Amino acid sequence: MFGTRVRERRQRLGLSQEDLAAKASVDPKTIRSIEAGRSIPRPSTVRRLANALALDGAERERFCASAAPAPAPAPAPAPAPEKRAPRPALMPAQLPLDVYGFSSRAAELARLEAIRTSTPTPIVLISGTAGVGKTALAVHWAHRLRADFPDGQLFVNLQAFHPTGAALAAADALRGFLEALAVPAPQIPMDLADRAGLYRSLLAGRRMLIVLDNAGHPDQVRPLLPGSPGCLVVVTSRDRLPGLVAAEGAHLVNLGLLPSAGAQELLAGRVGAARVTAESGAADDIVSACAGLPLALVVAAARAVTQPDLPLADLAAELRDVRTGLDAFATGDVVTDLRAVLSWSDRTLSRPTAELFWLLGLHGGPDLGLASVASLAGAGLDAARAAMTELTRAHLVEEPAAGRFTFHDLLRAYALDQAHARTSEVDRTEAVGRVLRHYLHTAHTAERLLYPERDPITLTPAGPGVTVLPLADADAAMAWFTTEHRALLWAVSAAHDAGLDPVAWQLAWSLTTFFDRQGHWHDWVATQRVALSAAARLGDRPAQAFSHRNLGLALAQLGRHEEADPQLETALVRFRELGDDVGQAHTHNALARIRGKQGRHRDALREALRASDLFGAQGRLAGQARTLNNVGWYHTLLGEHEEALATCRRALRLHDEIDDRYGAANTWDSLGLVYHQIRDYAQAEASYRTALELWLEVGDRYGEADTLTRLADTQLATGAVAAAHATLHDALAILEDLAHPDAAEVAAKLHALP
């Protein structure tokens with residue numbers, strides 16, 4: 001009835017659902033849900049809707065009264081679980097884009113095909129010097145074979161030759177593969193052997209193609225090998241990896257420099273056959289200068305393509321002059337030829353772009369976005385975009401996805417070398433500081449959008465030249481965190497290593513809600529340990545207190561309560577020494593959660609009451625409302641229902657007053673349990689369904705599963721066994737995705753149903 005009133009009034013005013021949502025400051029999904037009768041709005045939402053619909057007087061009173069929850073109707077029978085459609089399997093397709101203009105490797109491709117067709121589970125090792133085209137050959141061949149591996153393709157750059165020494169550990173590579181195979185982050189084991197075992201179990205019986213690029217040692221590769229037939233593994237390395245050949249039977253394919261004819265073919269494919277034929281002598285000179293190294297030829301060709309009116313003879317002369325100037329530095333290594341080409345290409349860049357290219361070598365993450373580039377340069381986004389366009393055209397960087405940039409390890413090493421040779425230490429330090437403060441301030445903005453009720457911290461100033469992204473809403477914040485996840489992990493460690501300790505602990509603080517809601521609890525623990533080290537080195541007692549508490553919360557989420565307890569107790573001592581009542585309140589509330597999980601409900605109630613008193617004394621309504629809900633919850637578990645109802649209703653009024661949807665979800669769930677225990681099952685189900693709507697809005701999957709589990713209890717109490725079966729099935733699916741210990745209890749409940 002209320003949804004009908006909303007729709008009719010909205011349509012009379014000529015408003016769309018989006019218009020009404022904007023006027024009422026709610027999500028359009030909320031309007032759709034209300035009008036469809038799928039949710040009971042909270043009083044604060046009803047008031048905002050009444051204002052947006054310009055209602056007053058008696059009409060407003062009738063409108064608000066119609067929003068009161070009605071007894072829940074008897075649930076419709078749900079389909080039996082065996083008839084539920086299975087969730088679709090995810091087929092990973094991680095191969096990079098096929099190489100443009102690939103040519104001149106016919107003999108090597110034939111050798112690869114011969115190996116593949118002669119072995120049930122072949123491991124192919126493509127080895128050769130830097131820049132010789134190992135990755136290009138592996139990726140091109142893999143694209144040709146995709147149809148033969150219908151279960152998908154996995155690709156990882158193991159970064160063994162990264163100039164900063166930041167090789168990707170096998171455990172981290174496995175984590176990426178397991179996520180690509182649809183294993184939720186919390187379900188990924190900590191131990192390398194356990195990750196490898198799960199990975200091999202998932203690959204058993206599948207036909208998958210796995211490309212392990214830039215490997216440096218057999219131990220980096222072995223955990224990533226399948227354990228059963230049907231898959232093809234392609235490894236690339238500058239090393240011949242004799243241990244892998246001897247122990248695992250890898251088939252070695254050595255990739256040499258291109259012969260003159262092959263180099264000519266590659267150059268013609270890039271700049272055009274007609275142009276090469278017309279200036280064959282100059283083309284020969286360019287090929288000779290590049291010494292058959294494909295990466296050097298690609299960079300040289302890019303110069304020719306971007307200057308179509310410049311004769312190849314002029315380009316060849318310039319390149320010859322640069323090589324002569326570098327002869328004194330010759331080492332006999334083929335990379336010297338690449339260095340000559342890069343130096344030549346470097347000189348053609350505008351000065352600001354060249355300086356930016358050098359600074360890019362300082363960034364240790366796997367890739368970076370445009371705002372990170374702008375911050376490194378201390379320039380605006382438009383200038384950064386123009387520079388990256390220039391670098392992309394010169395084939396010095398790649399843009400595999402819109403606004404995301406990366407580059408070859410050799411190019412990164414060259415850039416880093418030039419940064420150290422041609423910029424001052426002050427300039428390098430300032431550039432790294434700017435990009436780290438970009439991550440800090442954008443992460444803090446995103447954190448505030450995800451958890452606006454959280455008490456903010458005072459940040460290190462962004463300073464001039466730092467680009468802070470203006471994220472629009474919580475969805476944009478979550479998307480940014482997801483995209484930058486690995487770069488943010490690098491940034492926390494890089495800030496600590498650079499001695500930027502305030503940035504290190506503040507950035508770790510800003511990542512907590514993202515890690516918690518997405519189940520990246522291992523990353524939460526790791527970054528908080530770095531934060532604690534940074535805070536200790538600073539001698540910053542408040543930062544130490546924050547970091548102890550956040551580390552305790554992260555450990556608690558992993559069920560490691562014995563490790564979490566001393567961290568929280570230490571945080572409590574620190575906050576008391578500082579006279580920080582709000583900090584103490586948050587820590588008491590965290591301790592209440594742990595005591596509750598341990599079944600110590602009376603102790604948990606005492607901790608929650610202490611937290612509520614402290615929040616109330618400081619006028620912190622959000623904290624007081626959430627802890628009042630916890631007080632009500634523990635009263636319920638202790639059978640003290642009158643106290644529970646009174647406390648939860650008080651908490652709900654505060655949540656509605658400050659529009660705390662997360663807190664309101666918790667409190668509606670608590671009310672559902674109280675009503676269930678006093679056998680008011682209609683009100684219990686109505687409360688649980690309101691909680692579920694709110695959990696979906698705030699994106700808390702564990703909260704959703706927890707409420708579904710209790711809703712199933714209420715459905716069973718009313719005799720709705722089929723509905724309870726379906727509800728528990730949904731709850732179990734979420735808990736298994738999160739690898740939460742509650743999954744075993746829910747599975748047992750589901751198994752015990754008639």
# chains A, B, ... in the order shown; residues from 1 in each chain; ligands from 1
call {"tool": "residues_around", "arguments": {"residues": "stretch 250-259 of chain A", "least_positions_apart": "4", "cutoff": "6 Å", "atoms": "only C-alpha atoms", "output": "VMD selection string"}}
result
chain A and resid 123 to 128 244 to 245 263 292 to 293
call {"tool": "residues_around", "arguments": {"residues": "A:Glu248", "least_positions_apart": "6", "cutoff": "10 Å", "atoms": "only C-alpha atoms", "output": "ChimeraX atom specification"}}
result
/A:122-123,218,222,225,242
call {"tool": "residues_around", "arguments": {"residues": "A:Thr348", "least_positions_apart": "6", "cutoff": "10 Å", "atoms": "only C-alpha atoms", "output": "list in words"}}
result
Arg303, Leu342, Ala354 and Ala394 of chain A
call {"tool": "residues_around", "arguments": {"residues": "A:Thr121", "least_positions_apart": "2", "cutoff": "12 Å", "atoms": "only C-alpha atoms", "output": "list in words"}}
result
Ile115, Arg116, Thr117, Ser118, Thr119, Ile123, Val124, Ala204, Gly205, Arg206, Arg207, Met208, Leu209, Ile210, Leu225, Pro226, Gly227, Ser228, Pro229, Gly230, Cys231, Leu232, Val233, Val234, Glu248, Gly249, Ala250 and His251 of chain A
call {"tool": "select_by_dssp", "arguments": {"residues": "stretch 175-222 of chain A", "states": "helix (DSSP H, G or I)", "output": "list in words"}}
result
Arg175, Gly176, Phe177, Leu178, Glu179, Ala180, Ala185, Pro186, Gln187, Leu192, Ala193, Asp194, Arg195, Ala196, Gly197, Leu198, Tyr199, Arg200, Ser201, Leu202, Leu203, Pro218, Asp219, Gln220, Val221 and Arg222 of chain A
call {"tool": "write_last_selection", "arguments": {"atoms": "C-alpha atoms", "output": "CSV table (one decimal), in the first residue's frame"}}
result
chain,number,residue,atom,x,y,z
A,175,ARG,CA,46.2,-15.7,-5.3
A,176,GLY,CA,45.5,-14.0,-8.6
A,177,PHE,CA,44.8,-17.2,-10.4
A,178,LEU,CA,42.5,-18.4,-7.6
A,179,GLU,CA,40.5,-15.2,-7.8
A,180,ALA,CA,40.3,-15.5,-11.6
A,185,ALA,CA,39.4,-13.7,-1.4
A,186,PRO,CA,38.6,-14.9,2.1
A,187,GLN,CA,38.6,-18.5,1.0
A,192,LEU,CA,51.7,-21.5,-0.3
A,193,ALA,CA,51.3,-25.3,-0.4
A,194,ASP,CA,47.6,-25.0,0.5
A,195,ARG,CA,47.1,-22.4,-2.3
A,196,ALA,CA,48.9,-24.7,-4.8
A,197,GLY,CA,46.7,-27.7,-3.7
A,198,LEU,CA,43.5,-25.7,-4.2
A,199,TYR,CA,44.7,-24.4,-7.5
A,200,ARG,CA,45.5,-27.9,-8.8
A,201,SER,CA,42.2,-29.2,-7.5
A,202,LEU,CA,40.3,-26.6,-9.5
A,203,LEU,CA,42.3,-27.3,-12.7
A,218,PRO,CA,62.1,-22.8,-11.0
A,219,ASP,CA,60.7,-22.3,-7.5
A,220,GLN,CA,58.6,-19.4,-8.9
A,221,VAL,CA,57.1,-21.7,-11.5
A,222,ARG,CA,56.6,-25.0,-9.7
call {"tool": "closest_residue", "arguments": {"among": "A:Leu359, A:Leu319, A:Leu489, A:Leu368", "to": "A:Ala526", "atoms": "only C-alpha atoms"}}
result
A:Leu489
call {"tool": "residues_around", "arguments": {"residues": "stretch 739-752 of chain A", "least_positions_apart": "3", "cutoff": "8 Å", "atoms": "only C-alpha atoms", "output": "ChimeraX atom specification"}}
result
/A:184,186-187,559,709,725,728-729,731-732,735-736
call {"tool": "closest_residue", "arguments": {"among": "A:Pro452, A:Gly152, A:Pro400, A:Gly281", "to": "A:Asp98", "atoms": "only C-alpha atoms"}}
result
A:Pro400
call {"tool": "residues_around", "arguments": {"residues": "stretch 519-522 of chain A", "least_positions_apart": "6", "cutoff": "8 Å", "atoms": "only C-alpha atoms", "output": "mmCIF file with C-alpha atoms, in the first residue's frame"}}
result
data_model
loop_
_atom_site.group_PDB
_atom_site.id
_atom_site.type_symbol
_atom_site.label_atom_id
_atom_site.label_comp_id
_atom_site.auth_asym_id
_atom_site.auth_seq_id
_atom_site.Cartn_x
_atom_site.Cartn_y
_atom_site.Cartn_z
ATOM 1 C CA ALA A 185 39.402 -13.690 -1.434
ATOM 2 C CA PRO A 186 38.645 -14.874 2.127
ATOM 3 C CA MET A 190 47.437 -18.329 3.578
ATOM 4 C CA ALA A 554 41.602 -7.717 11.279
ATOM 5 C CA LEU A 555 42.859 -10.716 13.245
ATOM 6 C CA GLN A 557 37.836 -11.301 11.320
ATOM 7 C CA LEU A 558 40.152 -14.209 10.553
ATOM 8 C CA LEU A 738 33.700 -15.776 2.428
#
call {"tool": "closest_residue", "arguments": {"among": "A:Leu109, A:Ala413, A:Ser103, A:Leu158", "to": "A:Leu267", "atoms": "only C-alpha atoms"}}
result
A:Ser103
call {"tool": "closest_residue", "arguments": {"among": "A:Val299, A:Ala371, A:Ala316, A:Ala479", "to": "A:Leu396", "atoms": "only C-alpha atoms"}}
result
A:Val299
call {"tool": "residues_around", "arguments": {"residues": "A:Ala474", "least_positions_apart": "5", "cutoff": "9 Å", "atoms": "only C-alpha atoms", "output": "CSV table (one decimal) with C-alpha atoms, in the first residue's frame"}}
result
chain,number,residue,atom,x,y,z
A,446,ALA,CA,36.9,6.6,-0.7
A,447,GLU,CA,37.0,5.4,2.9
A,448,ARG,CA,34.7,8.3,4.0
A,449,LEU,CA,32.2,7.4,1.2
A,450,LEU,CA,32.1,3.8,2.3
A,451,TYR,CA,31.9,4.5,6.0
A,479,ALA,CA,35.5,0.5,-7.9
A,698,VAL,CA,25.5,-1.2,2.1
call {"tool": "atom_distance", "arguments": {"atom1": "atom CA of A:Thr513", "atom2": "atom CA of A:Pro366"}}
result
23.0 Å
call {"tool": "closest_atom_pairs", "arguments": {"of": "stretch 301-419 of chain A", "to": "stretch 423-438 of chain A", "cutoff": "6 Å", "atoms": "only C-alpha atoms", "output": "Markdown table"}}
result
| residue | atom | partner | partner_atom | distance |
| --- | --- | --- | --- | --- |
| A:Ser372 | CA | A:Val435 | CA | 5.7 |
| A:Ser375 | CA | A:Val435 | CA | 5.0 |
| A:Leu376 | CA | A:Ala431 | CA | 4.8 |
| A:Ala419 | CA | A:Thr423 | CA | 5.4 |
call {"tool": "select_by_dssp", "arguments": {"residues": "stretch 362-591 of chain A", "states": "strand (DSSP E)", "output": "list in words"}}
result
Leu368, Gly369, Glu398, Glu399, Pro400, Ala401, Arg404, Phe405 and Thr406 of chain A
call {"tool": "atom_distance", "arguments": {"atom1": "atom CA of A:Gln17", "atom2": "atom CA of A:Arg48"}}
result
14.2 Å
